[in-house]
>>> print(open('structure-v1.cif').read())   # mmCIF, C-alpha atoms
data_final
#
loop_
_atom_site.label_atom_id
_atom_site.label_comp_id
_atom_site.auth_asym_id
_atom_site.auth_seq_id
_atom_site.Cartn_x
_atom_site.Cartn_y
_atom_site.Cartn_z
CA VAL A 526 21.07 -4.75 -0.56
CA GLN A 527 21.11 -7.02 2.45
CA PHE A 528 20.81 -6.63 6.18
CA VAL A 529 21.54 -8.98 9.04
CA GLU A 530 19.85 -7.93 12.24
CA SER A 531 20.61 -9.26 15.68
CA GLY A 532 20.27 -8.47 19.35
CA GLY A 533 16.61 -9.03 20.01
CA GLY A 534 15.33 -11.13 22.86
CA LEU A 535 13.11 -11.45 25.89
CA VAL A 536 13.71 -8.97 28.71
CA GLN A 537 11.89 -7.61 31.71
CA PRO A 538 10.61 -4.03 31.97
CA GLY A 539 13.41 -1.61 32.76
CA GLU A 540 16.12 -3.70 31.15
CA SER A 541 18.17 -2.87 28.08
CA LEU A 542 18.94 -4.37 24.69
CA ARG A 543 21.21 -3.36 21.86
CA LEU A 544 20.13 -4.15 18.33
CA SER A 545 22.60 -4.41 15.48
CA CYS A 546 22.08 -4.26 11.75
CA ALA A 547 24.94 -5.21 9.44
CA ALA A 548 24.48 -3.89 5.91
CA SER A 549 25.91 -4.86 2.54
CA GLY A 550 25.26 -4.29 -1.14
CA PHE A 551 25.27 -0.51 -1.17
CA LEU A 552 27.48 2.42 -0.19
CA PHE A 553 26.46 2.39 3.44
CA ARG A 554 28.28 5.56 4.47
CA ALA A 555 26.30 7.62 1.95
CA TYR A 556 22.82 6.83 3.24
CA ASP A 557 20.61 7.71 6.15
CA MET A 558 19.53 4.66 8.10
CA SER A 559 16.35 4.00 10.04
CA TRP A 560 14.95 1.63 12.63
CA TYR A 561 11.26 0.77 12.51
CA ARG A 562 9.12 -1.53 14.61
CA GLN A 563 5.87 -3.37 14.22
CA ALA A 564 3.84 -4.59 17.14
CA PRO A 565 1.16 -7.29 16.75
CA GLY A 566 -1.94 -5.85 15.15
CA LYS A 567 -0.35 -2.47 14.58
CA GLU A 568 1.21 -0.67 11.64
CA ARG A 569 4.94 -0.44 11.24
CA GLU A 570 6.23 2.76 12.82
CA LEU A 571 9.42 4.76 12.63
CA VAL A 572 11.53 4.54 15.77
CA ALA A 573 14.74 6.40 14.92
CA VAL A 574 16.69 7.84 12.00
CA ILE A 575 20.36 8.69 11.69
CA ASP A 576 21.88 10.62 8.82
CA SER A 577 24.87 9.38 6.85
CA THR A 578 27.38 11.31 8.97
CA ALA A 579 25.71 10.50 12.31
CA ARG A 580 25.39 14.22 13.05
CA ARG A 581 21.59 14.24 12.95
CA LYS A 582 19.36 11.81 14.78
CA ASN A 583 15.62 11.83 15.21
CA TYR A 584 13.41 9.72 17.42
CA ALA A 585 9.78 8.88 17.85
CA ASP A 586 8.33 10.66 20.85
CA SER A 587 7.59 7.34 22.50
CA VAL A 588 11.29 6.42 22.69
CA LYS A 589 13.02 9.77 23.17
CA GLY A 590 15.48 9.68 26.03
CA ARG A 591 15.41 5.89 26.20
CA PHE A 592 16.57 4.73 22.76
CA PHE A 593 19.73 5.84 21.02
CA ILE A 594 20.67 5.21 17.40
CA SER A 595 24.27 5.08 16.22
CA ARG A 596 26.29 3.83 13.29
CA ASP A 597 29.76 2.68 12.39
CA ASN A 598 30.53 3.48 8.77
CA GLN A 599 33.71 1.43 8.92
CA LYS A 600 31.73 -1.66 9.86
CA ASN A 601 28.68 -0.86 7.70
CA ALA A 602 26.49 -1.22 10.75
CA VAL A 603 23.73 0.66 12.51
CA TYR A 604 22.74 0.12 16.11
CA LEU A 605 19.81 0.81 18.39
CA GLN A 606 20.52 0.99 22.10
CA MET A 607 17.26 0.51 23.95
CA ASN A 608 17.16 1.37 27.65
CA SER A 609 14.39 1.37 30.22
CA LEU A 610 12.36 -0.95 28.06
CA LYS A 611 8.61 -1.00 28.50
CA ILE A 612 6.05 -3.66 27.73
CA GLU A 613 4.74 -1.46 24.93
CA ASP A 614 8.15 -1.64 23.22
CA THR A 615 7.40 -5.26 22.35
CA ALA A 616 7.61 -5.55 18.57
CA VAL A 617 9.64 -6.80 15.65
CA TYR A 618 12.36 -4.27 14.92
CA TYR A 619 13.62 -3.63 11.40
CA CYS A 620 16.42 -1.59 9.91
CA LYS A 621 15.75 0.15 6.64
CA VAL A 622 17.46 2.13 3.92
CA HIS A 623 15.95 4.10 1.08
CA HIS A 624 18.24 3.30 -1.82
CA ARG A 625 17.80 4.30 -5.45
CA GLY A 626 14.10 4.93 -5.06
CA SER A 627 13.25 1.79 -3.12
CA ASP A 628 12.98 0.84 0.52
CA TYR A 629 15.05 -2.13 1.66
CA TRP A 630 14.28 -3.86 4.94
CA GLY A 631 16.04 -6.26 7.22
CA GLN A 632 14.39 -9.53 8.22
CA GLY A 633 13.48 -8.15 11.62
CA THR A 634 14.46 -9.08 15.14
CA GLN A 635 11.91 -9.78 17.86
CA VAL A 636 12.01 -7.76 21.05
CA THR A 637 9.70 -8.94 23.82
CA VAL A 638 9.38 -7.04 27.06
CA SER A 639 7.47 -8.99 29.66
CA ALA A 640 7.28 -9.24 33.41
#
>>> encode(input="structure-v1.cif", output="structure tokens")
Amino acid sequence: VQFVESGGGLVQPGESLRLSCAASGFLFRAYDMSWYRQAPGKERELVAVIDSTARRKNYADSVKGRFFISRDNQKNAVYLQMNSLKIEDTAVYYCKVHHRGSDYWGQGTQVTVSA
């Protein structure tokens, strides 16, 4: 199982970013996918989950209405559209799959929101 994440960067409050996570090594279309984040000095937290068919999506309360998770099962990719970014969204963002009893994580992509 491998992931290649991209799309992070430095933005100002109110701006947008779109994160991408390209997956390989497992049957992507059969698995729910998640985005997590970890801010400095804090525990890793769940940001959003999308089921294998993209019919069900769940979000952390802190990002509801601003972040949107999607996936393309033809491209084996999951995305996180982040709008109206806030300083408190600053973190390393990771995609994750729970596959055959184990969690697999991407390498993370840094998102920094700063004025």
>>> residues_around(input="structure-v1.cif", residues="Leu535 of chain A", least_positions_apart="6", cutoff="10 Å", atoms="all atoms listed in the file", output="list in words")
Leu542, Thr615, Gln635, Val636, Thr637, Val638, Ser639 and Ala640 of chain A
>>> closest_residue(input="structure-v1.cif", among="A:Val603, A:Cys546, A:Val588, A:Ala564", to="Asp576 of chain A", atoms="only C-alpha atoms")
A:Val603
>>> closest_residue(input="structure-v1.cif", among="A:Val622, A:Met558, A:Met607, A:Ala547", to="Gly533 of chain A", atoms="only C-alpha atoms")
A:Met607
>>> resolve_selection(input="structure-v1.cif", expression="the PyMOL selection byres ((chain A and resi 569) around 12)", output="number ranges by chain")
A: 560-568, 570-572, 616-621, 630, 633
>>> atom_distance(input="structure-v1.cif", atom1="atom CA of Ala573 of chain A", atom2="atom CA of Gly532 of chain A")
16.5 Å
>>> closest_residue(input="structure-v1.cif", among="A:Ser531, A:Ser587, A:Ser577, A:Asn608", to="Ser559 of chain A", atoms="all atoms listed in the file")
A:Ser577
>>> closest_residue(input="structure-v1.cif", among="A:Asn601, A:Thr634, A:Phe528, A:Ile612", to="Tyr556 of chain A", atoms="only C-alpha atoms")
A:Asn601
>>> atom_distance(input="structure-v1.cif", atom1="atom CA of Lys582 of chain A", atom2="atom CA of Pro538 of chain A")
25.0 Å
>>> closest_residue(input="structure-v1.cif", among="A:Gln537, A:Arg581, A:Gly626, A:Glu613", to="Phe593 of chain A", atoms="all atoms listed in the file")
A:Arg581
>>> resolve_selection(input="structure-v1.cif", expression="the PyMOL selection byres ((chain A and resi 625) around 12)", output="PyMOL selection string")
chain A and resi 526+551-552+555-556+622-624+626-629
>>> atom_distance(input="structure-v1.cif", atom1="atom CA of Val574 of chain A", atom2="atom CA of Val536 of chain A")
23.9 Å
>>> closest_residue(input="structure-v1.cif", among="A:Asp614, A:Ser541, A:Asp597, A:Ala585", to="Phe553 of chain A", atoms="only C-alpha atoms")
A:Asp597
>>> residues_around(input="structure-v1.cif", residues="segment 589-591 of chain A", least_positions_apart="5", cutoff="9 Å", atoms="only C-alpha atoms", output="ChimeraX atom specification")
/A:583-584,606-610
>>> axis_aligned_box(input="structure-v1.cif", around="segment 570-575 of chain A", padding_each_side="4 Å", output="lines of an AutoDock Vina configuration file")
center_x = 13.3
center_y = 5.7
center_z = 13.7
size_x = 22.1
size_y = 13.9
size_z = 12.1
